[in-house]
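Text of target.pdb (PDB, C-alpha atoms) as supplied:
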```pdb
ATOM      1  CA  ALA A   1     -63.239 -33.772 -59.431
ATOM      2  CA  VAL A   2     -62.529 -30.496 -57.625
ATOM      3  CA  GLY A   3     -59.230 -31.822 -56.289
ATOM      4  CA  LYS A   4     -58.219 -33.054 -59.712
ATOM      5  CA  ARG A   5     -58.888 -29.655 -61.313
ATOM      6  CA  SER A   6     -57.075 -27.682 -58.604
ATOM      7  CA  LEU A   7     -54.088 -29.990 -58.034
ATOM      8  CA  GLY A   8     -53.673 -31.795 -61.321
ATOM      9  CA  PRO A   9     -54.043 -35.576 -61.821
ATOM     10  CA  ASP A  10     -50.427 -36.368 -60.852
ATOM     11  CA  HIS A  11     -50.005 -33.958 -57.935
ATOM     12  CA  PRO A  12     -48.600 -35.659 -54.791
ATOM     13  CA  ASP A  13     -51.572 -34.544 -52.687
ATOM     14  CA  MET A  14     -53.937 -36.187 -55.170
ATOM     15  CA  ALA A  15     -52.828 -39.642 -54.033
ATOM     16  CA  THR A  16     -53.712 -38.787 -50.426
ATOM     17  CA  GLN A  17     -57.109 -37.419 -51.420
ATOM     18  CA  LEU A  18     -57.863 -40.470 -53.548
ATOM     19  CA  GLY A  19     -56.734 -42.793 -50.769
ATOM     20  CA  ASN A  20     -59.055 -41.071 -48.303
ATOM     21  CA  LEU A  21     -61.916 -41.294 -50.794
ATOM     22  CA  GLY A  22     -61.237 -44.991 -51.232
ATOM     23  CA  LEU A  23     -61.393 -45.514 -47.469
ATOM     24  CA  LEU A  24     -64.731 -43.715 -47.405
ATOM     25  CA  TYR A  25     -66.141 -45.894 -50.184
ATOM     26  CA  GLN A  26     -64.873 -48.987 -48.383
ATOM     27  CA  ALA A  27     -66.497 -47.889 -45.125
ATOM     28  CA  ILE A  28     -69.906 -47.580 -46.795
ATOM     29  CA  ASN A  29     -69.495 -50.858 -48.723
ATOM     30  CA  ARG A  30     -69.157 -49.301 -52.191
ATOM     31  CA  HIS A  31     -66.456 -51.823 -52.998
ATOM     32  CA  SER A  32     -66.205 -51.477 -56.770
ATOM     33  CA  GLU A  33     -65.708 -47.718 -56.463
ATOM     34  CA  ALA A  34     -63.237 -48.150 -53.600
ATOM     35  CA  GLU A  35     -61.062 -50.465 -55.691
ATOM     36  CA  VAL A  36     -60.995 -48.051 -58.630
ATOM     37  CA  VAL A  37     -60.033 -45.116 -56.416
ATOM     38  CA  PHE A  38     -57.369 -47.063 -54.505
ATOM     39  CA  ARG A  39     -55.788 -48.120 -57.800
ATOM     40  CA  ARG A  40     -55.861 -44.548 -59.092
ATOM     41  CA  ALA A  41     -54.092 -43.385 -55.928
ATOM     42  CA  LEU A  42     -51.402 -46.008 -56.429
ATOM     43  CA  GLY A  43     -51.066 -44.995 -60.072
ATOM     44  CA  VAL A  44     -50.416 -41.378 -59.059
ATOM     45  CA  CYS A  45     -47.594 -42.526 -56.789
ATOM     46  CA  GLU A  46     -46.043 -44.702 -59.454
ATOM     47  CA  LYS A  47     -45.990 -41.885 -62.020
ATOM     48  CA  ASN A  48     -44.397 -39.301 -59.741
ATOM     49  CA  SER A  49     -40.739 -39.751 -58.779
ATOM     50  CA  ALA A  50     -41.227 -37.372 -55.841
ATOM     51  CA  PHE A  51     -42.934 -40.106 -53.833
ATOM     52  CA  THR A  52     -40.814 -41.978 -51.292
ATOM     53  CA  PRO A  53     -40.941 -45.777 -51.000
ATOM     54  CA  SER A  54     -42.943 -45.508 -47.775
ATOM     55  CA  GLN A  55     -45.544 -43.293 -49.485
ATOM     56  CA  ILE A  56     -45.947 -45.804 -52.307
ATOM     57  CA  VAL A  57     -46.254 -48.607 -49.776
ATOM     58  CA  THR A  58     -48.991 -46.675 -47.950
ATOM     59  CA  GLN A  59     -51.132 -46.722 -51.090
ATOM     60  CA  ILE A  60     -50.385 -50.397 -51.697
ATOM     61  CA  ASP A  61     -51.378 -51.091 -48.090
ATOM     62  CA  ASN A  62     -54.773 -49.491 -48.675
ATOM     63  CA  LEU A  63     -55.402 -51.997 -51.463
ATOM     64  CA  VAL A  64     -54.026 -54.903 -49.443
ATOM     65  CA  SER A  65     -56.304 -54.106 -46.496
ATOM     66  CA  PHE A  66     -59.242 -53.649 -48.846
ATOM     67  CA  TYR A  67     -58.720 -56.965 -50.639
ATOM     68  CA  SER A  68     -58.163 -58.756 -47.337
ATOM     69  CA  ALA A  69     -61.353 -57.303 -45.858
ATOM     70  CA  ILE A  70     -63.502 -58.500 -48.788
ATOM     71  CA  GLY A  71     -61.930 -61.948 -48.921
ATOM     72  CA  ARG A  72     -59.663 -61.516 -51.947
ATOM     73  CA  SER A  73     -56.656 -62.924 -50.132
ATOM     74  CA  PHE A  74     -54.704 -63.965 -53.226
ATOM     75  CA  ASP A  75     -54.844 -60.412 -54.625
ATOM     76  CA  ALA A  76     -53.828 -59.067 -51.213
ATOM     77  CA  ALA A  77     -50.868 -61.474 -51.072
ATOM     78  CA  THR A  78     -49.670 -60.462 -54.540
ATOM     79  CA  LEU A  79     -49.664 -56.775 -53.626
ATOM     80  CA  LEU A  80     -48.123 -57.391 -50.222
ATOM     81  CA  ARG A  81     -45.151 -59.145 -51.806
ATOM     82  CA  ARG A  82     -44.652 -56.051 -53.914
ATOM     83  CA  SER A  83     -44.733 -53.652 -50.953
ATOM     84  CA  LEU A  84     -42.424 -55.900 -48.960
ATOM     85  CA  SER A  85     -39.939 -55.915 -51.828
ATOM     86  CA  ILE A  86     -39.995 -52.103 -51.971
ATOM     87  CA  LEU A  87     -39.301 -51.821 -48.252
ATOM     88  CA  GLU A  88     -36.590 -54.485 -48.266
ATOM     89  CA  ILE A  89     -34.733 -52.595 -50.974
ATOM     90  CA  SER A  90     -35.073 -49.243 -49.218
ATOM     91  CA  MET A  91     -34.530 -50.417 -45.617
ATOM     92  CA  GLY A  92     -32.555 -53.654 -45.831
ATOM     93  CA  TYR A  93     -33.698 -57.257 -45.466
ATOM     94  CA  ARG A  94     -33.090 -57.499 -41.707
ATOM     95  CA  ASN A  95     -34.418 -54.129 -40.613
ATOM     96  CA  PRO A  96     -36.418 -54.469 -37.339
ATOM     97  CA  SER A  97     -39.164 -52.335 -38.876
ATOM     98  CA  LEU A  98     -39.996 -55.236 -41.192
ATOM     99  CA  LEU A  99     -41.005 -57.512 -38.326
ATOM    100  CA  GLN A 100     -44.722 -56.720 -38.230
ATOM    101  CA  ARG A 101     -44.928 -56.591 -42.023
ATOM    102  CA  LEU A 102     -43.462 -60.086 -42.323
ATOM    103  CA  ARG A 103     -46.008 -61.367 -39.820
ATOM    104  CA  TYR A 104     -48.772 -59.626 -41.733
ATOM    105  CA  ALA A 105     -47.451 -61.166 -44.963
ATOM    106  CA  ALA A 106     -47.560 -64.598 -43.353
ATOM    107  CA  GLN A 107     -51.187 -64.134 -42.299
ATOM    108  CA  ILE A 108     -52.250 -62.915 -45.742
ATOM    109  CA  HIS A 109     -50.455 -65.777 -47.506
ATOM    110  CA  ARG A 110     -52.004 -68.263 -45.090
ATOM    111  CA  ASP A 111     -55.456 -66.885 -45.889
ATOM    112  CA  ALA A 112     -54.656 -67.295 -49.592
ATOM    113  CA  GLY A 113     -53.639 -70.919 -49.064
ATOM    114  CA  LEU A 114     -49.963 -70.200 -49.773
ATOM    115  CA  TYR A 115     -48.672 -72.066 -46.730
ATOM    116  CA  ALA A 116     -45.052 -72.526 -47.765
ATOM    117  CA  ASP A 117     -44.702 -68.776 -48.306
ATOM    118  CA  ALA A 118     -46.463 -68.079 -45.008
ATOM    119  CA  ILE A 119     -44.085 -70.318 -43.073
ATOM    120  CA  SER A 120     -41.122 -68.646 -44.757
ATOM    121  CA  TYR A 121     -42.314 -65.179 -43.718
ATOM    122  CA  VAL A 122     -42.898 -66.245 -40.111
ATOM    123  CA  ALA A 123     -39.461 -67.853 -39.939
ATOM    124  CA  ARG A 124     -37.870 -64.644 -41.230
ATOM    125  CA  ALA A 125     -39.802 -62.563 -38.715
ATOM    126  CA  LEU A 126     -38.721 -64.834 -35.879
ATOM    127  CA  ALA A 127     -35.082 -64.613 -36.999
ATOM    128  CA  ILE A 128     -35.233 -60.794 -37.046
ATOM    129  CA  ALA A 129     -36.961 -60.665 -33.640
ATOM    130  CA  ARG A 130     -34.355 -62.863 -32.019
ATOM    131  CA  LYS A 131     -31.522 -60.994 -33.727
ATOM    132  CA  LEU A 132     -32.593 -57.798 -31.974
ATOM    133  CA  SER A 133     -31.257 -58.982 -28.629
ATOM    134  CA  GLY A 134     -29.191 -62.077 -29.326
ATOM    135  CA  ASP A 135     -31.910 -64.729 -29.002
ATOM    136  CA  ARG A 136     -33.332 -63.104 -25.878
ATOM    137  CA  LEU A 137     -36.308 -60.921 -26.709
ATOM    138  CA  SER A 138     -37.142 -57.898 -24.589
ATOM    139  CA  ASP A 139     -40.839 -58.575 -25.318
ATOM    140  CA  PRO A 140     -41.698 -62.305 -24.973
ATOM    141  CA  ILE A 141     -45.150 -61.752 -26.534
ATOM    142  CA  VAL A 142     -43.496 -61.296 -29.933
ATOM    143  CA  ASP A 143     -41.660 -64.601 -29.697
ATOM    144  CA  SER A 144     -44.769 -66.409 -28.427
ATOM    145  CA  THR A 145     -46.943 -65.032 -31.219
ATOM    146  CA  LEU A 146     -44.454 -65.979 -33.904
ATOM    147  CA  ARG A 147     -44.067 -69.503 -32.539
ATOM    148  CA  ALA A 148     -47.869 -69.815 -32.387
ATOM    149  CA  ASP A 149     -48.033 -68.708 -36.016
ATOM    150  CA  LEU A 150     -45.702 -71.528 -36.999
ATOM    151  CA  TYR A 151     -47.756 -74.128 -35.121
ATOM    152  CA  CYS A 152     -50.933 -72.843 -36.798
ATOM    153  CA  LEU A 153     -49.376 -73.120 -40.222
ATOM    154  CA  VAL A 154     -48.549 -76.798 -39.664
ATOM    155  CA  GLY A 155     -52.003 -77.504 -38.214
ATOM    156  CA  ASN A 156     -51.091 -77.856 -34.529
ATOM    157  CA  TYR A 157     -53.797 -75.500 -33.274
ATOM    158  CA  ARG A 158     -53.831 -76.887 -29.741
ATOM    159  CA  LYS A 159     -50.167 -76.070 -29.195
ATOM    160  CA  ALA A 160     -50.567 -72.646 -30.809
ATOM    161  CA  GLU A 161     -53.479 -71.799 -28.523
ATOM    162  CA  PHE A 162     -51.566 -72.941 -25.443
ATOM    163  CA  ILE A 163     -48.605 -70.684 -26.320
ATOM    164  CA  LEU A 164     -50.776 -67.645 -27.058
ATOM    165  CA  ASP A 165     -53.038 -68.075 -24.061
ATOM    166  CA  ARG A 166     -50.120 -68.430 -21.655
ATOM    167  CA  ALA A 167     -48.363 -65.350 -23.077
ATOM    168  CA  LEU A 168     -51.519 -63.214 -23.021
ATOM    169  CA  GLN A 169     -52.411 -64.217 -19.478
ATOM    170  CA  GLY A 170     -49.000 -62.885 -18.473
ATOM    171  CA  VAL A 171     -49.435 -59.494 -20.115
ATOM    172  CA  LYS A 172     -52.995 -59.113 -18.795
ATOM    173  CA  THR A 173     -51.693 -59.727 -15.271
ATOM    174  CA  LEU A 174     -49.133 -56.973 -15.801
ATOM    175  CA  GLY A 175     -51.768 -54.644 -17.280
ATOM    176  CA  SER A 176     -49.817 -54.208 -20.524
ATOM    177  CA  ASP A 177     -52.252 -55.738 -23.017
ATOM    178  CA  GLN A 178     -52.924 -52.600 -25.078
ATOM    179  CA  ASN A 179     -49.749 -52.419 -27.174
ATOM    180  CA  LEU A 180     -49.693 -53.421 -30.828
ATOM    181  CA  ASP A 181     -47.887 -56.733 -30.285
ATOM    182  CA  CYS A 182     -50.504 -57.817 -27.756
ATOM    183  CA  ILE A 183     -53.334 -56.716 -30.041
ATOM    184  CA  VAL A 184     -51.917 -58.877 -32.831
ATOM    185  CA  ALA A 185     -51.656 -61.797 -30.400
ATOM    186  CA  PHE A 186     -55.280 -61.398 -29.263
ATOM    187  CA  ASN A 187     -56.339 -61.343 -32.905
ATOM    188  CA  GLY A 188     -54.420 -64.581 -33.447
ATOM    189  CA  LEU A 189     -56.260 -66.169 -30.522
ATOM    190  CA  ALA A 190     -59.598 -65.108 -32.004
ATOM    191  CA  LEU A 191     -58.623 -66.678 -35.325
ATOM    192  CA  LEU A 192     -57.732 -69.900 -33.524
ATOM    193  CA  TYR A 193     -61.179 -69.981 -31.927
ATOM    194  CA  GLN A 194     -62.722 -69.468 -35.366
ATOM    195  CA  ILE A 195     -60.593 -72.146 -37.052
ATOM    196  CA  THR A 196     -61.499 -74.676 -34.357
ATOM    197  CA  GLY A 197     -65.229 -73.935 -34.566
ATOM    198  CA  ARG A 198     -65.667 -71.960 -31.330
ATOM    199  CA  PHE A 199     -67.464 -69.113 -33.046
ATOM    200  CA  SER A 200     -68.981 -67.436 -29.977
ATOM    201  CA  MET A 201     -65.565 -67.200 -28.323
ATOM    202  CA  ALA A 202     -64.094 -65.961 -31.612
ATOM    203  CA  GLU A 203     -66.691 -63.185 -31.882
ATOM    204  CA  VAL A 204     -66.148 -62.008 -28.304
ATOM    205  CA  THR A 205     -62.366 -61.981 -28.732
ATOM    206  CA  PHE A 206     -62.533 -60.229 -32.118
ATOM    207  CA  ARG A 207     -64.757 -57.504 -30.647
ATOM    208  CA  GLN A 208     -62.455 -57.021 -27.661
ATOM    209  CA  THR A 209     -59.473 -56.849 -30.001
ATOM    210  CA  LEU A 210     -61.202 -54.300 -32.232
ATOM    211  CA  LYS A 211     -61.775 -52.079 -29.206
ATOM    212  CA  ARG A 212     -58.099 -52.397 -28.221
ATOM    213  CA  SER A 213     -57.065 -51.532 -31.784
ATOM    214  CA  LYS A 214     -59.387 -48.538 -31.962
ATOM    215  CA  ASP A 215     -58.081 -47.184 -28.665
ATOM    216  CA  SER A 216     -54.428 -47.896 -29.495
ATOM    217  CA  VAL A 217     -53.868 -47.260 -33.218
ATOM    218  CA  GLY A 218     -57.168 -45.856 -34.538
ATOM    219  CA  VAL A 219     -59.683 -47.043 -37.103
ATOM    220  CA  ARG A 220     -57.523 -46.214 -40.141
ATOM    221  CA  HIS A 221     -54.654 -48.512 -39.201
ATOM    222  CA  GLN A 222     -54.243 -51.653 -41.327
ATOM    223  CA  ILE A 223     -54.412 -53.825 -38.206
ATOM    224  CA  PHE A 224     -57.883 -52.458 -37.391
ATOM    225  CA  ALA A 225     -59.038 -52.927 -41.000
ATOM    226  CA  ARG A 226     -57.817 -56.520 -41.058
ATOM    227  CA  GLN A 227     -59.516 -57.349 -37.752
ATOM    228  CA  LEU A 228     -62.740 -55.806 -38.995
ATOM    229  CA  GLY A 229     -62.472 -57.999 -42.079
ATOM    230  CA  HIS A 230     -62.010 -61.094 -39.916
ATOM    231  CA  LEU A 231     -65.116 -60.247 -37.888
ATOM    232  CA  GLY A 232     -67.078 -59.754 -41.101
ATOM    233  CA  LEU A 233     -65.955 -63.115 -42.486
ATOM    234  CA  LEU A 234     -67.037 -64.779 -39.241
ATOM    235  CA  PHE A 235     -70.659 -63.870 -40.003
ATOM    236  CA  GLN A 236     -70.626 -65.035 -43.621
TER     237      GLN A 236
END
```
Could you write out this file's structure as structure tokens?
Amino acid sequence: AVGKRSLGPDHPDMATQLGNLGLLYQAINRHSEAEVVFRRALGVCEKNSAFTPSQIVTQIDNLVSFYSAIGRSFDAATLLRRSLSILEISMGYRNPSLLQRLRYAAQIHRDAGLYADAISYVARALAIARKLSGDRLSDPIVDSTLRADLYCLVGNYRKAEFILDRALQGVKTLGSDQNLDCIVAFNGLALLYQITGRFSMAEVTFRQTLKRSKDSVGVRHQIFARQLGHLGLLFQ
């Protein structure tokens, strides 16, 4: 209320304050209040032409992460399509910066049961990744993770696990398993353990991945929020 009186309901800084408040409510499991505040923050962005596409997407991402964490995957997928569209228009459809977002979109759509869409997003991500260096990636973990995603989406979990495990063993040997691509791959391996009923292994891997995420990108990153949501769903 103080921020609203001092800044005005449509002030650019109001969206940031509301977003932070929403994250606080989410952290203490006040979900109904978090949703209201996140939507208010997004509304501020939409009313003010001063906001850049990336700033609008940041507020959408808060809602996407929130819905994903509480199991509302269909709502998360709907919003993620919207944010992806905004970024594609502002950055171009083959911009390398879209790579992780396309992978994230695939995971969200898979969780929502929208498998055809998920496969399409993974295929696009793989095409962009290979385009970066003419079919020869500088980071093989990206290619391995994307190929594992495709095998998961068609139900070949054994092949997906083999690809991920082999790639991750390589990066662990090199001592380079803390970057974001590797964190995403470890999270994928944990999900595979969960899908195939190996819940103890899934929990251990999720917890290790959360620690990597916290150390690498911090607790406010969407990757950390999504992994936390996966760990929570494991105990339901």
Counting only C-alpha atoms, which residue out of A:Ala202, A:Leu153, A:Thr16, A:Leu126 sits closest to Arg110 in chain A?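 So, comparing all the options, the nearest one is A:Leu153.
Rounded to one decimal, CA of Val219 in chain A and CA of Asp117 in chain A lie 28.7 Å from each other.
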Of the candidates A:Phe66, A:Tyr93, A:Tyr151, A:Phe51, which one gets nearest to Ala27 in chain A if we count only C-alpha atoms? A:Phe66
Hey, what comes out of the PyMOL selection byres ((chain A and resi 40-50) around 9) on this file? Could you write it as a CSV table (one decimal) with C-alpha atoms, in the coordinates of the input?
```
chain,number,residue,atom,x,y,z
A,9,PRO,CA,-54.0,-35.6,-61.8
A,10,ASP,CA,-50.4,-36.4,-60.9
A,11,HIS,CA,-50.0,-34.0,-57.9
A,12,PRO,CA,-48.6,-35.7,-54.8
A,14,MET,CA,-53.9,-36.2,-55.2
A,15,ALA,CA,-52.8,-39.6,-54.0
A,16,THR,CA,-53.7,-38.8,-50.4
A,17,GLN,CA,-57.1,-37.4,-51.4
A,18,LEU,CA,-57.9,-40.5,-53.5
A,19,GLY,CA,-56.7,-42.8,-50.8
A,22,GLY,CA,-61.2,-45.0,-51.2
A,35,GLU,CA,-61.1,-50.5,-55.7
A,36,VAL,CA,-61.0,-48.1,-58.6
A,37,VAL,CA,-60.0,-45.1,-56.4
A,38,PHE,CA,-57.4,-47.1,-54.5
A,39,ARG,CA,-55.8,-48.1,-57.8
A,51,PHE,CA,-42.9,-40.1,-53.8
A,52,THR,CA,-40.8,-42.0,-51.3
A,55,GLN,CA,-45.5,-43.3,-49.5
A,56,ILE,CA,-45.9,-45.8,-52.3
A,57,VAL,CA,-46.3,-48.6,-49.8
A,58,THR,CA,-49.0,-46.7,-48.0
A,59,GLN,CA,-51.1,-46.7,-51.1
A,60,ILE,CA,-50.4,-50.4,-51.7
A,63,LEU,CA,-55.4,-52.0,-51.5
```
Polymer residues at most 9 Å from Gln227 in chain A, only C-alpha atoms, same-chain spacing of 2 or more positions, as a PyMOL selection string: chain A and resi 69+187+206-207+209-210+213+222-225+229-232
Fewer than 6 positions away in the same chain doesn't count, so skip those; otherwise give me all residues within 12 Å of Leu233 in chain A, counting all atoms listed in the file, as a list in words.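 Residues near the query, excluding close chain neighbours: Ser68, Ala69, Ile70, Gly71, Arg72, Asp111, Leu191, Gln194, Ile195, Phe199, Ala202, Glu203, Phe206, Arg226 and Gln227 of chain A.
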Find, counting all atoms listed in the file, the residue in A:Ile28, A:Ile108, A:Arg94, A:Arg103 that gets nearest to Ala123 in chain A.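 Among the listed residues, A:Arg103 lies closest to Ala123 in chain A.
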Give me, please, the distance in Å between CA of Arg220 in chain A and CA of Gly92 in chain A, quoted to one decimal.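 Distance between the two atoms: 26.7 Å.
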On this structure, the PyMOL selection byres ((chain A and resi 82-89) around 8) would catch which residues? List them as a JSON list (two decimals) with C-alpha atoms, in the frame of the given file, sorted by chain and number.
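What ended up in part-v1.json:
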```json
[["chain", "number", "residue", "atom", "x", "y", "z"],
["A", 53, "PRO", "CA", -40.94, -45.78, -51.00],
["A", 54, "SER", "CA", -42.94, -45.51, -47.78],
["A", 57, "VAL", "CA", -46.25, -48.61, -49.78],
["A", 60, "ILE", "CA", -50.38, -50.40, -51.70],
["A", 61, "ASP", "CA", -51.38, -51.09, -48.09],
["A", 78, "THR", "CA", -49.67, -60.46, -54.54],
["A", 79, "LEU", "CA", -49.66, -56.78, -53.63],
["A", 80, "LEU", "CA", -48.12, -57.39, -50.22],
["A", 81, "ARG", "CA", -45.15, -59.14, -51.81],
["A", 90, "SER", "CA", -35.07, -49.24, -49.22],
["A", 91, "MET", "CA", -34.53, -50.42, -45.62],
["A", 92, "GLY", "CA", -32.56, -53.65, -45.83],
["A", 93, "TYR", "CA", -33.70, -57.26, -45.47],
["A", 95, "ASN", "CA", -34.42, -54.13, -40.61],
["A", 98, "LEU", "CA", -40.00, -55.24, -41.19],
["A", 101, "ARG", "CA", -44.93, -56.59, -42.02],
["A", 102, "LEU", "CA", -43.46, -60.09, -42.32]]
```
Go ahead and compute the interatomic distance for CA of Ser65 in chain A and CA of Ala167 in chain A, in Å to one decimal. 27.2 Å
Contacts of Val122 in chain A at 10 Å (only C-alpha atoms; same-chain gap of 4+ positions) as a list in words: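 Counting only the stated atoms, we get Leu99, Gln100, Leu102, Arg103, Tyr104, Ala105, Ala106, Gln107, Asp117, Ala118, Leu126, Ala127, Ile128, Thr145, Leu146, Arg147, Ala148, Asp149, Leu150 and Leu153 of chain A.
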Restricting the output to C-alpha atoms, write the selected residues as a JSON list (two decimals), in the coordinates of the input.
```json
[["chain", "number", "residue", "atom", "x", "y", "z"],
["A", 99, "LEU", "CA", -41.00, -57.51, -38.33],
["A", 100, "GLN", "CA", -44.72, -56.72, -38.23],
["A", 102, "LEU", "CA", -43.46, -60.09, -42.32],
["A", 103, "ARG", "CA", -46.01, -61.37, -39.82],
["A", 104, "TYR", "CA", -48.77, -59.63, -41.73],
["A", 105, "ALA", "CA", -47.45, -61.17, -44.96],
["A", 106, "ALA", "CA", -47.56, -64.60, -43.35],
["A", 107, "GLN", "CA", -51.19, -64.13, -42.30],
["A", 117, "ASP", "CA", -44.70, -68.78, -48.31],
["A", 118, "ALA", "CA", -46.46, -68.08, -45.01],
["A", 126, "LEU", "CA", -38.72, -64.83, -35.88],
["A", 127, "ALA", "CA", -35.08, -64.61, -37.00],
["A", 128, "ILE", "CA", -35.23, -60.79, -37.05],
["A", 145, "THR", "CA", -46.94, -65.03, -31.22],
["A", 146, "LEU", "CA", -44.45, -65.98, -33.90],
["A", 147, "ARG", "CA", -44.07, -69.50, -32.54],
["A", 148, "ALA", "CA", -47.87, -69.82, -32.39],
["A", 149, "ASP", "CA", -48.03, -68.71, -36.02],
["A", 150, "LEU", "CA", -45.70, -71.53, -37.00],
["A", 153, "LEU", "CA", -49.38, -73.12, -40.22]]
```
Could you expand the PyMOL selection byres ((chain A and resi 180) around 10) into the explicit residues it covers here, written as a PDB file with C-alpha atoms, in the frame of the given file?
```pdb
ATOM      1  CA  GLN A 100     -44.722 -56.720 -38.230  1.00  0.00           C
ATOM      2  CA  ASP A 177     -52.252 -55.738 -23.017  1.00  0.00           C
ATOM      3  CA  GLN A 178     -52.924 -52.600 -25.078  1.00  0.00           C
ATOM      4  CA  ASN A 179     -49.749 -52.419 -27.174  1.00  0.00           C
ATOM      5  CA  ASP A 181     -47.887 -56.733 -30.285  1.00  0.00           C
ATOM      6  CA  CYS A 182     -50.504 -57.817 -27.756  1.00  0.00           C
ATOM      7  CA  ILE A 183     -53.334 -56.716 -30.041  1.00  0.00           C
ATOM      8  CA  VAL A 184     -51.917 -58.877 -32.831  1.00  0.00           C
ATOM      9  CA  ALA A 185     -51.656 -61.797 -30.400  1.00  0.00           C
ATOM     10  CA  PHE A 186     -55.280 -61.398 -29.263  1.00  0.00           C
ATOM     11  CA  ARG A 212     -58.099 -52.397 -28.221  1.00  0.00           C
ATOM     12  CA  SER A 213     -57.065 -51.532 -31.784  1.00  0.00           C
ATOM     13  CA  SER A 216     -54.428 -47.896 -29.495  1.00  0.00           C
ATOM     14  CA  VAL A 217     -53.868 -47.260 -33.218  1.00  0.00           C
ATOM     15  CA  ILE A 223     -54.412 -53.825 -38.206  1.00  0.00           C
TER      16      ILE A 223
END
```
For Ala125 in chain A, which residue among A:Ala112, A:Ile163, A:Val142, A:Leu234 is the nearest when counting only C-alpha atoms?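 Result for the nearest residue to Ala125 in chain A: A:Val142.
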Rank nothing, just name the residue among A:Tyr121, A:Thr205, A:Asn62, A:Asp75 nearest to Leu21 in chain A, using all atoms listed in the file.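 Checking each candidate against Leu21 in chain A, we get A:Asn62 as the closest.
With only C-alpha atoms as the atoms that count, the minimum distance from Leu192 in chain A to the choices A:Tyr157, A:Phe235, A:Phe74, A:Tyr115 is reached by A:Tyr157.
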